[in-house]
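Read the structure below first, then the notes.
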Amino acid sequence: MTDPSPRLSTDITGLDTVLDGGLVPNRTYMVRGVSGAGKTIVGYHFLAAGVENGEDVLFISFEESATDLRANAETLGFDLSTVPVLDLSPSPEAFFDDEAYTMLSPSEVEGKSTANELRDAIEEHDPDRVVIDPLSQLGRLSSDSYQFRRLVSSLLSYLKRSGATTLFTSQPSSGDTDETLAYLCDGSVSLSRSEQGRSVRVEKFRGSDSQRGPHAMRIDGDRGMRVFPRLVPEAHHREFTIEPLSSGIDDLDDLLGGGIERGSITLVSGPSGVGKSTTGTAFARATADRGERAAIYLFEESEQSFRHRSESIGIPIDDLVESGNLRVDAVEPLSLSTDEFAQQVRDEVEANDTAFVLIDGTAGYELSLNDERSDIRRELHALARYLKNMGVTVVLTEEIQQVTGAFHASDNHVSYLADNILFIRYIEVRGEIRKAVGVLKKRFGGFEPTLRSFEIGTDGITVGEPLDELRGVLTGTPTWNEAE
């Protein structure tokens with residue numbers, strides 16, 4: 001069946017997804033944002049896609065000379081050597097040439113000349129794609145806002161009649177130039193740049209749906225622009241069978257009523273150094289040992305430290321990493337947005353049929369990822385729900401600040417995400433620091449409602465017998481059932 005709404009690719013990874021497949025042909029689109037936001041780079045991509053498809057293209061530049069434009073594009077990996085450029089940027093000679101304005105205003109002289117150049121270039125190249133950078137510069141060639149609107153409207157209508165799809169840029173100004181352009185175009189994309197990173201939002205898109213933003217964006221020196229669409233969990237699903245999965249530790253499986261279920265989310269909570277990461281690693285190791293792929297994302301530890309520690313406590317992972325059954329990534333603090341990290345996880349899951357994901361450190365997740373949104377936990381929620389919909393077994397580790405005292409399953413209010421809650425805590429017994437483990441919640445079945453001793457040694461994790469002789473274990477300072 002023929003697509004009733006064919007699309008033109010923007011050539012920007014992720015942006016076509018946000019635009020529900022790309023741009024609708026033979027329409028006009030505005031890209032706006034402050035200086036340095038990346039507007040011209042969008043134009044590079046748009047024309048590069050046209051060249052690749054064998055289309056005729058035209059770049060109309062009001063600010064940069066053709067030489068500077070091509071040189072700047074080359075630094076980002078774009079070859080515009082074959083792209084026709086109509087150079088309408090101010091020339092050095094114009095600084096000294098004021099004789100033309102003795103009888104007429106500059107706008108009258110320049111406006112007529114520019115309109116003729118535009119018409120001649122469009123007729124000569126008959127382009128399928130046009131970039132005008134920036135169209136707002138036509139404002140200086142108009143005597144007032146009415147004339148500006150009339151000039152822009154006629155230019156865009158002429159381009160449409162010529163069969164071109166036009167993308168133009170605009171920079172927000174104190175006047176009404178930007179809003180006039182937003183009104184005249186068929187679609188508008190806004191680029192933002194802040195200390196939290198870059199983002200893109202579709203503000204207007206006639207004749208099509210689009211994904212709500214903002215969406216994270218990155219500009220790389222050799223890859224141009226990439227957009228990371230916000231994750232929509234309900235748009236993803238994979239058939240799977242809910243079945244118990246072993247941790248590789250029999251006594252821990254007994255405590256969990258047989259293990260944790262495929263496609264479930266498990267929160268492992270406890271104070272620093274109690275064994276949360278080690279427990280999550282045990283599940284990852286058991287997954288890989290079954291021949292399935294597991295991925296570990298570290299937010300509070302380097303990969304080298306993690307590998308060394310795992311080796312020293314009897315849960316070696318180097319062999320599994322080499323075999324391809326296990327992936328270990330340490331996330332660099334403040335180097336990614338939540339959208340970009342979610343995209344990395346999606347690529348891992350969908351490209352490798354990954355069955356298990358460990359996100360080691362929910363507090364580190366919140367601290368390490370850039371995001372301009374107020375509640376980063378919502379992004380963790382979306383990622384966890386996506387993984388669950390895809391049948392991926394998820395383990396989240398969370399550090400509880402309080403070592404002893406009143407019991408808390410979560411300090412960061414993420415326990416609602418979990419199908420299972422496994423807690424590990426320190427206890428003091430006869431002046432000695434020991435550890436206890438228990439299950440607080442299990443959605444898909446029964447579990448052992450007891451507390452057991454928990455130890456980590458050179459042979460890995462040991463879950464001992466139930467602590468029947470103690471009472472008040474959750475307070476951190478238990479007492480004996482009866483006098484000895």
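Residues in the structure tokens are named by chain (A, B, ... in the order shown) and by number from 1 within that chain; ligands are numbered from 1 in the order shown.
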
Let's see if you can do this: from backbone DSSP, list all helix (DSSP H, G or I) residues in stretch 219-456 of chain A, as a short mmCIF file (atom, residue, chain, number, x, y, z; two decimals) with N, CA and C atoms, in the first residue's frame.
data_model
loop_
_atom_site.label_atom_id
_atom_site.label_comp_id
_atom_site.auth_asym_id
_atom_site.auth_seq_id
_atom_site.Cartn_x
_atom_site.Cartn_y
_atom_site.Cartn_z
N PRO A 233 7.16 4.19 27.53
CA PRO A 233 7.14 2.75 27.83
C PRO A 233 6.02 1.99 27.15
N GLU A 234 4.83 2.57 27.09
CA GLU A 234 3.68 1.84 26.55
C GLU A 234 3.79 1.58 25.06
N ALA A 235 4.74 2.24 24.40
CA ALA A 235 4.92 2.02 22.96
C ALA A 235 5.79 0.80 22.67
N ASP A 250 21.43 -20.88 46.39
CA ASP A 250 20.25 -21.66 46.76
C ASP A 250 19.50 -21.05 47.94
N ASP A 251 20.22 -20.66 48.98
CA ASP A 251 19.55 -20.13 50.18
C ASP A 251 18.89 -18.78 49.90
N LEU A 252 19.48 -17.98 49.03
CA LEU A 252 18.85 -16.72 48.66
C LEU A 252 17.60 -16.98 47.84
N ASP A 253 17.65 -17.97 46.96
CA ASP A 253 16.46 -18.35 46.20
C ASP A 253 15.35 -18.83 47.12
N ASP A 254 15.70 -19.59 48.15
CA ASP A 254 14.70 -20.06 49.12
C ASP A 254 14.03 -18.87 49.80
N LEU A 255 14.84 -17.90 50.18
CA LEU A 255 14.30 -16.71 50.84
C LEU A 255 13.33 -15.97 49.92
N LYS A 276 24.83 -4.69 48.37
CA LYS A 276 23.77 -4.53 47.36
C LYS A 276 24.29 -4.82 45.96
N SER A 277 25.43 -4.20 45.62
CA SER A 277 25.98 -4.40 44.27
C SER A 277 26.37 -5.85 44.06
N THR A 278 26.93 -6.46 45.09
CA THR A 278 27.34 -7.86 44.99
C THR A 278 26.15 -8.76 44.74
N THR A 279 25.03 -8.47 45.42
CA THR A 279 23.81 -9.26 45.21
C THR A 279 23.30 -9.10 43.79
N GLY A 280 23.28 -7.85 43.31
CA GLY A 280 22.85 -7.61 41.93
C GLY A 280 23.76 -8.30 40.93
N THR A 281 25.06 -8.31 41.22
CA THR A 281 26.02 -8.97 40.34
C THR A 281 25.79 -10.47 40.30
N ALA A 282 25.40 -11.04 41.45
CA ALA A 282 25.12 -12.48 41.49
C ALA A 282 23.98 -12.83 40.52
N PHE A 283 22.94 -12.00 40.49
CA PHE A 283 21.84 -12.25 39.55
C PHE A 283 22.31 -12.10 38.11
N ALA A 284 23.16 -11.09 37.86
CA ALA A 284 23.68 -10.90 36.50
C ALA A 284 24.53 -12.09 36.09
N ARG A 285 25.37 -12.57 37.01
CA ARG A 285 26.23 -13.72 36.73
C ARG A 285 25.37 -14.97 36.44
N ALA A 286 24.33 -15.18 37.22
CA ALA A 286 23.47 -16.34 37.01
C ALA A 286 22.78 -16.28 35.66
N THR A 287 22.37 -15.06 35.25
CA THR A 287 21.74 -14.88 33.93
C THR A 287 22.71 -15.26 32.82
N ALA A 288 23.93 -14.72 32.91
CA ALA A 288 24.94 -15.00 31.88
C ALA A 288 25.32 -16.48 31.86
N ASP A 289 25.37 -17.11 33.04
CA ASP A 289 25.70 -18.54 33.10
C ASP A 289 24.62 -19.39 32.41
N GLU A 303 34.54 0.78 36.31
CA GLU A 303 34.50 -0.59 35.82
C GLU A 303 35.69 -1.39 36.34
N GLN A 304 36.86 -0.78 36.38
CA GLN A 304 38.04 -1.48 36.87
C GLN A 304 37.89 -1.90 38.32
N SER A 305 37.39 -0.98 39.15
CA SER A 305 37.17 -1.31 40.57
C SER A 305 36.12 -2.40 40.72
N PHE A 306 35.07 -2.32 39.91
CA PHE A 306 33.99 -3.30 39.99
C PHE A 306 34.49 -4.70 39.62
N ARG A 307 35.27 -4.77 38.55
CA ARG A 307 35.79 -6.08 38.13
C ARG A 307 36.73 -6.66 39.18
N HIS A 308 37.59 -5.83 39.73
CA HIS A 308 38.53 -6.31 40.75
C HIS A 308 37.79 -6.80 41.98
N ARG A 309 36.81 -6.03 42.42
CA ARG A 309 36.05 -6.42 43.62
C ARG A 309 35.28 -7.70 43.39
N SER A 310 34.67 -7.83 42.21
CA SER A 310 33.91 -9.05 41.91
C SER A 310 34.81 -10.28 41.94
N GLU A 311 36.01 -10.13 41.41
CA GLU A 311 36.98 -11.23 41.41
C GLU A 311 37.37 -11.61 42.83
N SER A 312 37.57 -10.59 43.68
CA SER A 312 38.06 -10.85 45.03
C SER A 312 37.02 -11.50 45.95
N ASP A 318 35.04 -11.49 34.33
CA ASP A 318 35.84 -11.25 33.13
C ASP A 318 35.55 -12.25 32.02
N ASP A 319 35.37 -13.52 32.39
CA ASP A 319 35.11 -14.55 31.39
C ASP A 319 33.79 -14.33 30.67
N LEU A 320 32.79 -13.83 31.42
CA LEU A 320 31.48 -13.59 30.83
C LEU A 320 31.49 -12.37 29.92
N VAL A 321 32.27 -11.35 30.30
CA VAL A 321 32.40 -10.18 29.45
C VAL A 321 33.07 -10.56 28.14
N GLU A 322 34.09 -11.37 28.22
CA GLU A 322 34.81 -11.81 27.02
C GLU A 322 33.94 -12.68 26.12
N SER A 323 33.06 -13.45 26.72
CA SER A 323 32.19 -14.33 25.93
C SER A 323 31.05 -13.56 25.26
N THR A 338 19.18 11.89 30.82
CA THR A 338 18.37 10.70 31.06
C THR A 338 17.88 10.10 29.74
N ASP A 339 17.55 10.95 28.77
CA ASP A 339 17.10 10.44 27.47
C ASP A 339 18.22 9.68 26.77
N GLU A 340 19.44 10.21 26.85
CA GLU A 340 20.56 9.57 26.18
C GLU A 340 20.90 8.24 26.84
N PHE A 341 20.86 8.21 28.16
CA PHE A 341 21.12 6.94 28.85
C PHE A 341 20.04 5.92 28.51
N ALA A 342 18.78 6.35 28.52
CA ALA A 342 17.69 5.43 28.17
C ALA A 342 17.86 4.89 26.76
N GLN A 343 18.34 5.72 25.84
CA GLN A 343 18.57 5.25 24.47
C GLN A 343 19.68 4.21 24.43
N GLN A 344 20.73 4.41 25.24
CA GLN A 344 21.80 3.41 25.30
C GLN A 344 21.27 2.06 25.79
N VAL A 345 20.42 2.11 26.82
CA VAL A 345 19.84 0.87 27.34
C VAL A 345 18.94 0.23 26.30
N ARG A 346 18.13 1.04 25.62
CA ARG A 346 17.26 0.51 24.57
C ARG A 346 18.07 -0.17 23.48
N ASP A 347 19.14 0.49 23.03
CA ASP A 347 19.97 -0.09 21.98
C ASP A 347 20.55 -1.43 22.43
N GLU A 348 20.96 -1.50 23.70
CA GLU A 348 21.51 -2.75 24.25
C GLU A 348 20.45 -3.84 24.25
N VAL A 349 19.28 -3.54 24.74
CA VAL A 349 18.22 -4.54 24.88
C VAL A 349 17.74 -5.02 23.51
N GLU A 350 17.49 -4.09 22.60
CA GLU A 350 16.88 -4.44 21.33
C GLU A 350 17.87 -5.02 20.33
N ALA A 351 19.14 -4.66 20.45
CA ALA A 351 20.14 -5.20 19.52
C ALA A 351 20.66 -6.56 19.96
N ASN A 352 20.65 -6.82 21.28
CA ASN A 352 21.28 -8.03 21.80
C ASN A 352 20.31 -8.97 22.52
N THR A 362 20.69 3.97 42.42
CA THR A 362 19.65 4.91 42.00
C THR A 362 20.00 6.34 42.40
N ALA A 363 20.67 6.51 43.53
CA ALA A 363 21.10 7.86 43.92
C ALA A 363 22.14 8.38 42.95
N GLY A 364 23.06 7.49 42.53
CA GLY A 364 24.05 7.87 41.54
C GLY A 364 23.41 8.20 40.21
N TYR A 365 22.34 7.48 39.86
CA TYR A 365 21.59 7.77 38.64
C TYR A 365 21.09 9.21 38.67
N GLU A 366 20.53 9.61 39.79
CA GLU A 366 19.98 10.96 39.91
C GLU A 366 21.07 12.02 39.88
N LEU A 367 22.22 11.71 40.44
CA LEU A 367 23.31 12.70 40.52
C LEU A 367 24.13 12.74 39.24
N SER A 368 24.23 11.62 38.55
CA SER A 368 25.17 11.51 37.43
C SER A 368 24.60 11.97 36.10
N ILE A 376 13.70 13.67 38.21
CA ILE A 376 14.43 12.68 37.42
C ILE A 376 13.93 11.26 37.71
N ARG A 377 13.24 11.09 38.85
CA ARG A 377 12.70 9.77 39.18
C ARG A 377 11.67 9.33 38.15
N ARG A 378 10.97 10.28 37.54
CA ARG A 378 10.01 9.92 36.51
C ARG A 378 10.70 9.28 35.31
N GLU A 379 11.91 9.73 35.03
CA GLU A 379 12.65 9.14 33.92
C GLU A 379 13.11 7.72 34.26
N LEU A 380 13.52 7.51 35.52
CA LEU A 380 13.86 6.16 35.97
C LEU A 380 12.63 5.27 35.92
N HIS A 381 11.50 5.80 36.29
CA HIS A 381 10.24 5.05 36.22
C HIS A 381 9.97 4.62 34.78
N ALA A 382 10.11 5.56 33.82
CA ALA A 382 9.84 5.24 32.41
C ALA A 382 10.79 4.16 31.92
N LEU A 383 12.07 4.26 32.29
CA LEU A 383 13.04 3.26 31.85
C LEU A 383 12.73 1.90 32.44
N ALA A 384 12.41 1.85 33.73
CA ALA A 384 12.10 0.58 34.38
C ALA A 384 10.84 -0.05 33.78
N ARG A 385 9.83 0.76 33.50
CA ARG A 385 8.60 0.23 32.90
C ARG A 385 8.86 -0.28 31.48
N TYR A 386 9.69 0.42 30.73
CA TYR A 386 10.04 -0.05 29.39
C TYR A 386 10.71 -1.42 29.47
N LEU A 387 11.69 -1.56 30.36
CA LEU A 387 12.40 -2.83 30.49
C LEU A 387 11.45 -3.95 30.89
N LYS A 388 10.55 -3.63 31.78
CA LYS A 388 9.58 -4.64 32.23
C LYS A 388 8.68 -5.06 31.07
N ASN A 389 8.22 -4.09 30.27
CA ASN A 389 7.38 -4.40 29.11
C ASN A 389 8.11 -5.28 28.10
N SER A 415 10.65 2.77 45.83
CA SER A 415 10.19 1.42 46.15
C SER A 415 8.89 1.08 45.45
N TYR A 416 8.09 2.09 45.07
CA TYR A 416 6.83 1.82 44.39
C TYR A 416 7.06 1.18 43.02
N LEU A 417 8.28 1.36 42.45
CA LEU A 417 8.59 0.75 41.17
C LEU A 417 8.73 -0.76 41.25
#

Excluding same-chain residues fewer than 2 positions from A:Leu181, what lies within 8 Å of it counting only C-alpha atoms, as an MDAnalysis selection string?
-> chainID A and resid 30 136 149 152 170 177:179 183:185

A:Val202, A:Ala66, A:Leu256, A:Ile41 ranked by distance to A:Asp16, top pick (using only C-alpha atoms) =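 Ranked by minimum distance to A:Asp16, first place goes to A:Val202.
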
List every residue of stretch 324-411 of chain A that DSSP, applied to the backbone, labels as strand (DSSP E or B), and write the result as a PyMOL selection string.
-> chain A and resi 326-330+336-337+356-360+369-370+393-399

For A:Val274, list every protein, DNA or RNA residue within 9 Å, evaluated using only C-alpha atoms, and leave out those in the same chain fewer than 5 positions away; present the list as a list in words.
->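 Here the answer would be Ile424, Arg425, Tyr426, Lys435 and Ile456 of chain A.
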
Take the selection from the previous step and output its residues with C-alpha atoms, as a CSV table (one decimal), in the first residue's frame.
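Produced file out_18.csv, reproduced below:
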chain,number,residue,atom,x,y,z
A,424,ILE,CA,20.1,-6.0,53.6
A,425,ARG,CA,21.1,-4.2,56.8
A,426,TYR,CA,23.7,-4.1,59.5
A,435,LYS,CA,24.4,-8.4,58.5
A,456,ILE,CA,30.2,-11.9,51.8

Long-range neighbours of stretch 418-422 of chain A as a list in words, 6 Å cut-off, only C-alpha atoms, 5 positions minimum in chain | Ser264, Ile265, Thr266, Leu267, Val268, Gly438, Val439, Leu440, Lys441, Lys442 and Arg443 of chain A

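Residues lying within 9 Å of A:Ala330, counting only C-alpha atoms and ignoring same-chain neighbours fewer than 4 positions away, are Ile296, Tyr297, Leu298, Phe299, Glu300, Glu301, Ser302 and Glu303 of chain A.
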
Compile the contact shell of A:Pro172 as an MDAnalysis selection string: residues with an atom at most 12 Å away, counting only C-alpha atoms, same-chain residues fewer than 2 positions apart removed.
-> chainID A and resid 30:35 37 39 134:137 169:170 174:182 190:192

What does the distance between atom CA of A:Glu74 and atom CA of A:Gly221 come to in Å, to one decimal place?
-> 9.6 Å

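With atom CA of A:Val463 on one side and atom CA of A:Pro316 on the other, the separation reads 18.9 Å.
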